[in-house]
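> Compact mmCIF, C-alpha atoms and all ligand atoms, saved as work.txt, coming up:
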```txt
# COMPACT_ATOMS: atom_id res chain seq x y z
CA MET D 15 -98.89 84.32 -102.07
CA MET D 16 -100.67 81.41 -103.67
CA ARG D 17 -103.12 82.50 -106.34
CA LYS D 18 -106.77 81.60 -105.89
CA GLN D 19 -108.15 78.31 -107.19
CA ILE D 20 -111.79 78.79 -108.22
CA ALA D 21 -114.69 76.55 -109.19
CA ALA D 22 -117.19 78.90 -110.83
CA ALA D 23 -120.68 77.83 -111.86
CA ASN D 24 -122.38 79.43 -114.85
CA TRP D 25 -126.05 78.53 -114.67
CA LYS D 26 -126.78 80.57 -117.81
CA MET D 27 -130.52 81.11 -118.48
CA ASN D 28 -131.74 78.04 -116.64
CA LEU D 29 -133.95 77.19 -113.64
CA THR D 30 -136.81 78.85 -111.81
CA LEU D 31 -136.38 80.35 -108.36
CA GLN D 32 -137.74 77.16 -106.81
CA GLN D 33 -135.34 74.99 -108.80
CA ALA D 34 -132.45 77.32 -108.00
CA ASP D 35 -133.19 77.09 -104.28
CA GLN D 36 -133.38 73.32 -104.50
CA LEU D 37 -130.09 73.08 -106.37
CA ILE D 38 -128.18 75.26 -103.92
CA ASP D 39 -129.73 73.46 -100.92
CA GLU D 40 -128.71 70.09 -102.37
CA LEU D 41 -125.22 71.35 -103.05
CA LEU D 42 -124.76 72.78 -99.58
CA ASP D 43 -125.82 69.43 -98.13
CA ILE D 44 -122.96 67.65 -99.90
CA PRO D 45 -119.68 67.94 -98.00
CA HIS D 46 -117.28 70.10 -99.98
CA ASP D 47 -114.20 71.49 -98.49
CA LEU D 48 -112.79 74.86 -99.52
CA LYS D 49 -109.26 75.60 -98.37
CA ASP D 50 -108.21 79.18 -97.64
CA TYR D 51 -106.99 79.73 -101.21
CA GLN D 52 -110.00 78.07 -102.86
CA GLU D 53 -113.35 79.62 -103.79
CA ALA D 54 -116.70 78.45 -105.08
CA VAL D 55 -118.48 81.08 -107.19
CA PHE D 56 -122.09 80.80 -108.33
CA GLY D 57 -122.89 82.65 -111.55
CA VAL D 58 -126.66 82.75 -111.37
CA PRO D 59 -129.39 84.67 -113.23
CA PHE D 60 -130.11 88.19 -111.92
CA PRO D 61 -133.43 87.35 -110.20
CA PHE D 62 -131.78 84.69 -108.03
CA LEU D 63 -128.65 86.58 -106.93
CA PHE D 64 -130.07 88.00 -103.73
CA ASN D 65 -131.51 84.69 -102.62
CA ILE D 66 -128.44 82.63 -103.43
CA LYS D 67 -126.21 85.20 -101.74
CA ASN D 68 -128.28 84.80 -98.57
CA LYS D 69 -128.12 81.02 -98.79
CA LEU D 70 -124.32 81.24 -98.95
CA ALA D 71 -124.09 83.53 -95.91
CA GLY D 72 -121.55 82.14 -93.48
CA LYS D 73 -120.30 79.51 -95.95
CA LYS D 74 -116.54 79.68 -96.27
CA ASN D 75 -115.15 81.22 -99.47
CA SER D 76 -118.46 80.96 -101.34
CA PHE D 77 -119.55 83.85 -103.54
CA VAL D 78 -122.10 84.87 -106.14
CA ALA D 79 -121.46 86.22 -109.63
CA ALA D 80 -123.75 88.01 -112.03
CA GLN D 81 -123.44 86.70 -115.59
CA ASN D 82 -123.29 90.18 -117.09
CA CYS D 83 -123.69 93.85 -116.27
CA SER D 84 -124.38 96.98 -118.28
CA ASP D 85 -121.56 99.00 -119.83
CA LYS D 86 -123.44 102.13 -118.73
CA ASN D 87 -123.60 103.54 -115.20
CA ALA D 88 -127.32 104.34 -115.00
CA GLY D 89 -130.15 105.93 -116.90
CA ALA D 90 -132.56 105.29 -119.78
CA TYR D 91 -131.40 101.79 -120.72
CA THR D 92 -134.56 99.72 -120.37
CA GLY D 93 -133.92 96.15 -119.35
CA GLU D 94 -130.28 96.64 -118.35
CA VAL D 95 -128.76 95.91 -114.94
CA SER D 96 -126.02 98.17 -113.62
CA ALA D 97 -122.90 97.28 -111.66
CA ALA D 98 -124.09 99.62 -108.88
CA MET D 99 -127.33 97.63 -108.56
CA LEU D 100 -125.33 94.43 -108.27
CA LYS D 101 -123.01 95.94 -105.69
CA SER D 102 -126.00 97.14 -103.67
CA ILE D 103 -127.17 93.55 -103.21
CA ALA D 104 -123.63 92.46 -102.28
CA VAL D 105 -122.79 90.60 -105.47
CA ASP D 106 -119.09 89.66 -105.48
CA TYR D 107 -118.12 88.82 -109.07
CA VAL D 108 -119.40 89.54 -112.60
CA ILE D 109 -118.73 87.27 -115.59
CA ILE D 110 -117.66 89.58 -118.41
CA GLY D 111 -117.43 88.68 -122.08
CA HIS D 112 -118.73 85.12 -122.09
CA SER D 113 -118.59 83.84 -125.66
CA GLU D 114 -122.39 83.61 -125.75
CA ARG D 115 -122.62 87.33 -125.00
CA ARG D 116 -119.92 88.17 -127.52
CA GLU D 117 -121.71 86.12 -130.18
CA TYR D 118 -125.44 86.68 -129.56
CA PHE D 119 -125.31 90.17 -128.07
CA ASN D 120 -122.48 91.55 -130.21
CA GLU D 121 -120.28 92.54 -127.29
CA SER D 122 -117.12 94.11 -128.65
CA HIS D 123 -113.65 94.33 -127.12
CA ALA D 124 -114.34 98.01 -126.36
CA THR D 125 -117.70 97.28 -124.69
CA LEU D 126 -116.04 94.66 -122.52
CA ALA D 127 -113.31 97.11 -121.54
CA ASP D 128 -116.05 99.55 -120.47
CA LYS D 129 -117.78 96.85 -118.43
CA ILE D 130 -114.55 95.94 -116.68
CA ASN D 131 -113.90 99.59 -115.87
CA ILE D 132 -117.36 99.91 -114.33
CA CYS D 133 -116.76 96.76 -112.29
CA PHE D 134 -113.57 98.23 -110.88
CA GLU D 135 -115.18 101.60 -110.18
CA THR D 136 -118.02 99.83 -108.38
CA GLY D 137 -115.94 97.32 -106.43
CA LEU D 138 -117.08 94.19 -108.28
CA LYS D 139 -114.60 91.55 -109.37
CA PRO D 140 -114.70 90.70 -113.07
CA ILE D 141 -114.23 87.18 -114.41
CA PHE D 142 -113.01 87.95 -117.92
CA CYS D 143 -113.76 85.28 -120.52
CA CYS D 144 -111.73 84.67 -123.64
CA GLY D 145 -111.39 81.80 -126.10
CA GLU D 146 -111.39 80.98 -129.79
CA PRO D 147 -114.00 79.45 -132.13
CA LEU D 148 -113.38 76.15 -133.90
CA ALA D 149 -112.32 77.70 -137.22
CA ILE D 150 -109.54 79.61 -135.47
CA ARG D 151 -108.36 76.48 -133.66
CA GLU D 152 -108.38 74.58 -136.94
CA ALA D 153 -106.34 77.35 -138.56
CA GLU D 154 -103.97 77.13 -135.56
CA THR D 155 -104.22 80.87 -134.94
CA GLN D 156 -105.75 80.59 -131.45
CA ASN D 157 -102.74 82.14 -129.72
CA SER D 158 -102.95 85.45 -131.56
CA PHE D 159 -106.77 85.41 -131.41
CA VAL D 160 -106.75 85.16 -127.60
CA GLU D 161 -103.90 87.67 -127.35
CA THR D 162 -106.05 90.23 -129.17
CA GLN D 163 -108.95 89.59 -126.79
CA LEU D 164 -106.66 90.24 -123.83
CA THR D 165 -104.86 93.26 -125.20
CA GLU D 166 -108.01 94.98 -126.47
CA SER D 167 -110.07 94.60 -123.29
CA LEU D 168 -107.49 94.45 -120.48
CA PHE D 169 -104.30 96.27 -121.38
CA HIS D 170 -105.64 99.70 -120.39
CA LEU D 171 -105.77 98.43 -116.78
CA ASN D 172 -102.92 98.97 -114.35
CA ALA D 173 -100.85 96.35 -112.55
CA GLN D 174 -102.70 96.84 -109.29
CA GLN D 175 -106.05 96.17 -110.96
CA LEU D 176 -104.71 93.01 -112.56
CA THR D 177 -103.16 91.64 -109.40
CA GLY D 178 -105.38 88.73 -108.35
CA PHE D 179 -107.50 89.19 -111.48
CA VAL D 180 -109.56 86.26 -112.84
CA ILE D 181 -109.52 85.16 -116.48
CA ALA D 182 -111.52 82.23 -117.86
CA TYR D 183 -110.19 80.56 -121.00
CA GLU D 184 -113.08 78.90 -122.76
CA PRO D 185 -112.49 77.49 -126.24
CA ILE D 186 -115.89 77.92 -127.91
CA TRP D 187 -115.67 74.50 -129.56
CA ALA D 188 -115.57 72.93 -126.10
CA ILE D 189 -118.52 74.81 -124.56
CA GLY D 190 -121.61 72.64 -124.17
CA THR D 191 -120.27 70.18 -126.72
CA GLY D 192 -119.00 67.47 -124.42
CA LYS D 193 -115.64 67.93 -126.11
CA THR D 194 -113.04 69.30 -123.69
CA ALA D 195 -109.69 70.66 -124.66
CA SER D 196 -107.08 68.08 -123.84
CA ASN D 197 -105.11 68.68 -120.66
CA GLU D 198 -102.15 69.64 -122.85
CA GLN D 199 -104.19 72.08 -124.98
CA ALA D 200 -105.54 73.73 -121.85
CA GLN D 201 -102.12 74.00 -120.20
CA GLU D 202 -100.54 75.34 -123.37
CA MET D 203 -103.09 78.14 -123.74
CA HIS D 204 -103.09 78.98 -120.05
CA ALA D 205 -99.30 79.29 -120.10
CA HIS D 206 -99.62 81.47 -123.20
CA ILE D 207 -102.15 83.74 -121.45
CA ARG D 208 -99.90 84.01 -118.41
CA SER D 209 -96.90 84.88 -120.58
CA ILE D 210 -98.88 87.60 -122.37
CA MET D 211 -99.80 89.11 -119.02
CA ALA D 212 -96.20 88.75 -117.81
CA GLY D 213 -94.94 90.52 -120.92
CA GLN D 214 -97.10 93.54 -120.17
CA TYR D 215 -97.24 93.56 -116.36
CA GLY D 216 -94.34 91.43 -115.14
CA ALA D 217 -94.14 87.94 -113.66
CA VAL D 218 -95.39 88.85 -110.19
CA VAL D 219 -98.70 90.18 -111.53
CA ALA D 220 -99.03 87.35 -114.05
CA ASP D 221 -98.43 84.74 -111.35
CA SER D 222 -101.18 86.25 -109.20
CA ILE D 223 -103.85 85.91 -111.93
CA SER D 224 -106.21 82.95 -111.64
CA ILE D 225 -106.80 81.42 -115.07
CA LEU D 226 -109.85 79.15 -115.13
CA TYR D 227 -110.56 76.62 -117.86
CA GLY D 228 -114.10 76.33 -119.24
CA GLY D 229 -115.58 73.89 -121.73
CA SER D 230 -117.34 70.65 -120.82
CA VAL D 231 -115.68 70.25 -117.44
CA LYS D 232 -117.41 67.43 -115.55
CA ALA D 233 -116.79 65.62 -112.28
CA ASN D 234 -114.88 62.91 -114.14
CA ASN D 235 -112.38 65.15 -115.95
CA ALA D 236 -112.04 68.12 -113.58
CA LYS D 237 -109.10 66.83 -111.57
CA ALA D 238 -106.91 66.08 -114.57
CA ILE D 239 -107.51 69.55 -116.01
CA PHE D 240 -107.19 71.42 -112.71
CA CYS D 241 -103.87 69.78 -111.86
CA GLN D 242 -102.19 71.39 -114.89
CA PRO D 243 -99.73 73.96 -113.52
CA ASP D 244 -101.35 77.03 -115.12
CA VAL D 245 -104.97 75.93 -114.67
CA ASP D 246 -106.42 77.47 -111.53
CA GLY D 247 -109.88 75.93 -111.58
CA GLY D 248 -112.81 76.08 -113.95
CA LEU D 249 -115.88 77.88 -115.23
CA ILE D 250 -118.59 75.26 -115.42
CA GLY D 251 -121.82 75.39 -117.41
CA GLY D 252 -123.86 72.20 -117.76
CA ALA D 253 -122.29 70.28 -114.88
CA SER D 254 -122.95 73.16 -112.47
CA LEU D 255 -126.69 72.44 -112.74
CA VAL D 256 -126.22 69.06 -111.04
CA ALA D 257 -125.42 69.31 -107.33
CA THR D 258 -123.37 66.10 -107.10
CA GLU D 259 -121.36 67.04 -110.21
CA PHE D 260 -120.55 70.56 -109.08
CA ALA D 261 -119.68 69.45 -105.53
CA ALA D 262 -117.26 66.91 -106.97
CA ILE D 263 -115.78 69.62 -109.22
CA ILE D 264 -115.25 71.88 -106.19
CA ASN D 265 -113.52 68.97 -104.47
CA SER D 266 -111.26 68.57 -107.53
CA LEU D 267 -109.59 71.95 -107.03
CA LYS D 268 -105.89 71.54 -106.33
C1 LIG D 301 -119.63 77.86 -120.08
O1 LIG D 301 -120.55 78.20 -120.78
O2 LIG D 301 -119.03 78.69 -119.40
C2 LIG D 301 -119.26 76.44 -120.08
C3 LIG D 301 -118.03 76.12 -119.79
O3 LIG D 301 -120.24 75.53 -120.39
P1 LIG D 301 -120.11 73.92 -120.33
O4 LIG D 301 -119.43 73.57 -119.06
O5 LIG D 301 -121.55 73.44 -120.38
O6 LIG D 301 -119.31 73.51 -121.54
```
Would you mind writing the file out in structure tokens?


Amino acid sequence: MMRKQIAAANWKMNLTLQQADQLIDELLDIPHDLKDYQEAVFGVPFPFLFNIKNKLAGKKNSFVAAQNCSDKNAGAYTGEVSAAMLKSIAVDYVIIGHSERREYFNESHATLADKINICFETGLKPIFCCGEPLAIREAETQNSFVETQLTESLFHLNAQQLTGFVIAYEPIWAIGTGKTASNEQAQEMHAHIRSIMAGQYGAVVADSISILYGGSVKANNAKAIFCQPDVDGGLIGGASLVATEFAAIINSLK
């Protein structure tokens, strides 16, 4: 079975409802072709999920993602949004452990493991983010840094849960900076991630995992990155807010 190729948008904390509607309408007007093994995923702010989900109804292989969910099931956690709430409005995916959440909201490996468990219990698909800061890349210790992120938050899962799982590798120094990892740097890390997963779960599971690259992917560099053998699409911030850019990125999936 061919693993999924995914173009995932991360709108972050941008847009109003009116702007969100306009963006998705513009995007849906641009021809973009999703093959059976390809998906477009829209990671939109909580208040827009329901609306965007409805706009995507009947569109082939097009899904919505929340950008976060609570690590608790329910209860007195003012301001939090639970996985069950997301499931009840038919959300498909949840982005877990984006570097901005790790950094600004102090999300630990253990918290992320809890969030992933809740996603599985609820029937939501996690998109697990990992990636090193610049100082780690400069010290050339990115491989062990990312390995720790994977082992600490994923290795309690079983092989069945990790079959068809989605990981996004996002080097922090490439996020929102206009500076992408080179095609070789991306491929090297993606192969490393796949080999870590193979070491723990075997080659069949590792080969089924979609590993997305994130960090300043644009329409003009997407194809070169996506055609690397271990790159299975991208997680896209800035360029996902421009309909023509994101449509072209979808069309760059291999
Ligand atoms: C992101 O935040 O997931 C991201 C990849 O952002 P950008 O594409 O803007 O670098």

> Go through D:Glu94, D:Asp221, D:Glu198, D:Glu53 and flag the residue nearest Gln242 in chain D, using all atoms listed in the file for the distances.

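Going through D:Glu94, D:Asp221, D:Glu198, D:Glu53 one by one, the smallest distance to Gln242 in chain D is for D:Glu198.
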
> State, in Å with one decimal place, the distance from CA of Gly251 in chain D to CA of Ala238 in chain D.

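We find that CA of Gly251 in chain D and CA of Ala238 in chain D lie 17.8 Å from each other.
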
> Could you jot down the CA of Leu226 in chain D to CA of Tyr183 in chain D separation for me, Å, one decimal place?

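Straight-line distance from CA of Leu226 in chain D to CA of Tyr183 in chain D works out to 6.0 Å.
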
> Nearest to ligand LIG 301 (chain D) among D:Met16, D:Cys241, D:Val256, D:Val231, with distances taken over all atoms listed in the file: which residue is it?

D:Val231

> Could you check which of D:Leu148, D:Met27, D:Leu176, D:Val160 is closest to Arg115 in chain D, using all atoms listed in the file?

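Of D:Leu148, D:Met27, D:Leu176, D:Val160, the one nearest Arg115 in chain D is D:Met27, counting all atoms listed in the file.
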
> Please find the residues contacting ligand LIG 301 (chain D) at a distance of at most 9 Å between atoms, with all atoms listed in the file counted, and report them as a PyMOL selection string.

chain D and resi 22-26+112-114+143+182+184-194+227-232+248-254

> Export, as a CSV table (one decimal), in the frame of the given file, the selected residues with C-alpha atoms.


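See part_38.csv below for the written result:
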```csv
chain,number,residue,atom,x,y,z
D,22,ALA,CA,-117.2,78.9,-110.8
D,23,ALA,CA,-120.7,77.8,-111.9
D,24,ASN,CA,-122.4,79.4,-114.8
D,25,TRP,CA,-126.0,78.5,-114.7
D,26,LYS,CA,-126.8,80.6,-117.8
D,112,HIS,CA,-118.7,85.1,-122.1
D,113,SER,CA,-118.6,83.8,-125.7
D,114,GLU,CA,-122.4,83.6,-125.8
D,143,CYS,CA,-113.8,85.3,-120.5
D,182,ALA,CA,-111.5,82.2,-117.9
D,184,GLU,CA,-113.1,78.9,-122.8
D,185,PRO,CA,-112.5,77.5,-126.2
D,186,ILE,CA,-115.9,77.9,-127.9
D,187,TRP,CA,-115.7,74.5,-129.6
D,188,ALA,CA,-115.6,72.9,-126.1
D,189,ILE,CA,-118.5,74.8,-124.6
D,190,GLY,CA,-121.6,72.6,-124.2
D,191,THR,CA,-120.3,70.2,-126.7
D,192,GLY,CA,-119.0,67.5,-124.4
D,193,LYS,CA,-115.6,67.9,-126.1
D,194,THR,CA,-113.0,69.3,-123.7
D,227,TYR,CA,-110.6,76.6,-117.9
D,228,GLY,CA,-114.1,76.3,-119.2
D,229,GLY,CA,-115.6,73.9,-121.7
D,230,SER,CA,-117.3,70.6,-120.8
D,231,VAL,CA,-115.7,70.2,-117.4
D,232,LYS,CA,-117.4,67.4,-115.6
D,248,GLY,CA,-112.8,76.1,-114.0
D,249,LEU,CA,-115.9,77.9,-115.2
D,250,ILE,CA,-118.6,75.3,-115.4
D,251,GLY,CA,-121.8,75.4,-117.4
D,252,GLY,CA,-123.9,72.2,-117.8
D,253,ALA,CA,-122.3,70.3,-114.9
D,254,SER,CA,-123.0,73.2,-112.5
```

> In Å to one decimal, how far is CA of Pro59 in chain D from CA of Gln32 in chain D?

12.9 Å

> May I ask which of the residues D:Lys237, D:Arg208, D:Lys101, D:His46 is the closest one to Asn157 in chain D, counting all atoms listed in the file?

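Among D:Lys237, D:Arg208, D:Lys101, D:His46, it is D:Arg208 that comes nearest to Asn157 in chain D.
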
> For range 136-140 of chain D, list every protein, DNA or RNA residue within 10 Å, evaluated using all atoms listed in the file, and leave out those in the same chain fewer than 3 positions away; present the list as a ChimeraX atom specification.

/D:79-82,87,96-102,104-111,129-133,143,175,178-181

> Keeping only C-alpha atoms, take the residues you just selected and write them out as a JSON list (two decimals), in the frame of the given file.


```json
[["chain", "number", "residue", "atom", "x", "y", "z"],
["D", 79, "ALA", "CA", -121.46, 86.22, -109.63],
["D", 80, "ALA", "CA", -123.75, 88.01, -112.03],
["D", 81, "GLN", "CA", -123.44, 86.70, -115.59],
["D", 82, "ASN", "CA", -123.29, 90.18, -117.09],
["D", 87, "ASN", "CA", -123.60, 103.54, -115.20],
["D", 96, "SER", "CA", -126.02, 98.17, -113.62],
["D", 97, "ALA", "CA", -122.90, 97.28, -111.66],
["D", 98, "ALA", "CA", -124.09, 99.62, -108.88],
["D", 99, "MET", "CA", -127.33, 97.63, -108.56],
["D", 100, "LEU", "CA", -125.33, 94.43, -108.27],
["D", 101, "LYS", "CA", -123.01, 95.94, -105.69],
["D", 102, "SER", "CA", -126.00, 97.14, -103.67],
["D", 104, "ALA", "CA", -123.63, 92.46, -102.28],
["D", 105, "VAL", "CA", -122.79, 90.60, -105.47],
["D", 106, "ASP", "CA", -119.09, 89.66, -105.48],
["D", 107, "TYR", "CA", -118.12, 88.82, -109.07],
["D", 108, "VAL", "CA", -119.40, 89.54, -112.60],
["D", 109, "ILE", "CA", -118.73, 87.27, -115.59],
["D", 110, "ILE", "CA", -117.66, 89.58, -118.41],
["D", 111, "GLY", "CA", -117.43, 88.68, -122.08],
["D", 129, "LYS", "CA", -117.78, 96.85, -118.43],
["D", 130, "ILE", "CA", -114.55, 95.94, -116.68],
["D", 131, "ASN", "CA", -113.90, 99.59, -115.87],
["D", 132, "ILE", "CA", -117.36, 99.91, -114.33],
["D", 133, "CYS", "CA", -116.76, 96.76, -112.29],
["D", 143, "CYS", "CA", -113.76, 85.28, -120.52],
["D", 175, "GLN", "CA", -106.05, 96.17, -110.96],
["D", 178, "GLY", "CA", -105.38, 88.73, -108.35],
["D", 179, "PHE", "CA", -107.50, 89.19, -111.48],
["D", 180, "VAL", "CA", -109.56, 86.26, -112.84],
["D", 181, "ILE", "CA", -109.52, 85.16, -116.48]]
```

> Nearest to Gln199 in chain D: which of D:Met211, D:Phe119, D:Gln156, D:Ile38 is it, counting all atoms listed in the file?

D:Gln156

> Give me the residues within 9 Å of Lys67 in chain D as a PyMOL selection string, counting all atoms listed in the file and dropping any in the same chain fewer than 6 places off.

chain D and resi 56+76-78+103-105

> So, with only C-alpha atoms as the atoms that count, which of D:Ile66, D:Asn235, D:Asn172, D:Ser158 lies closest to Gln36 in chain D?

D:Ile66
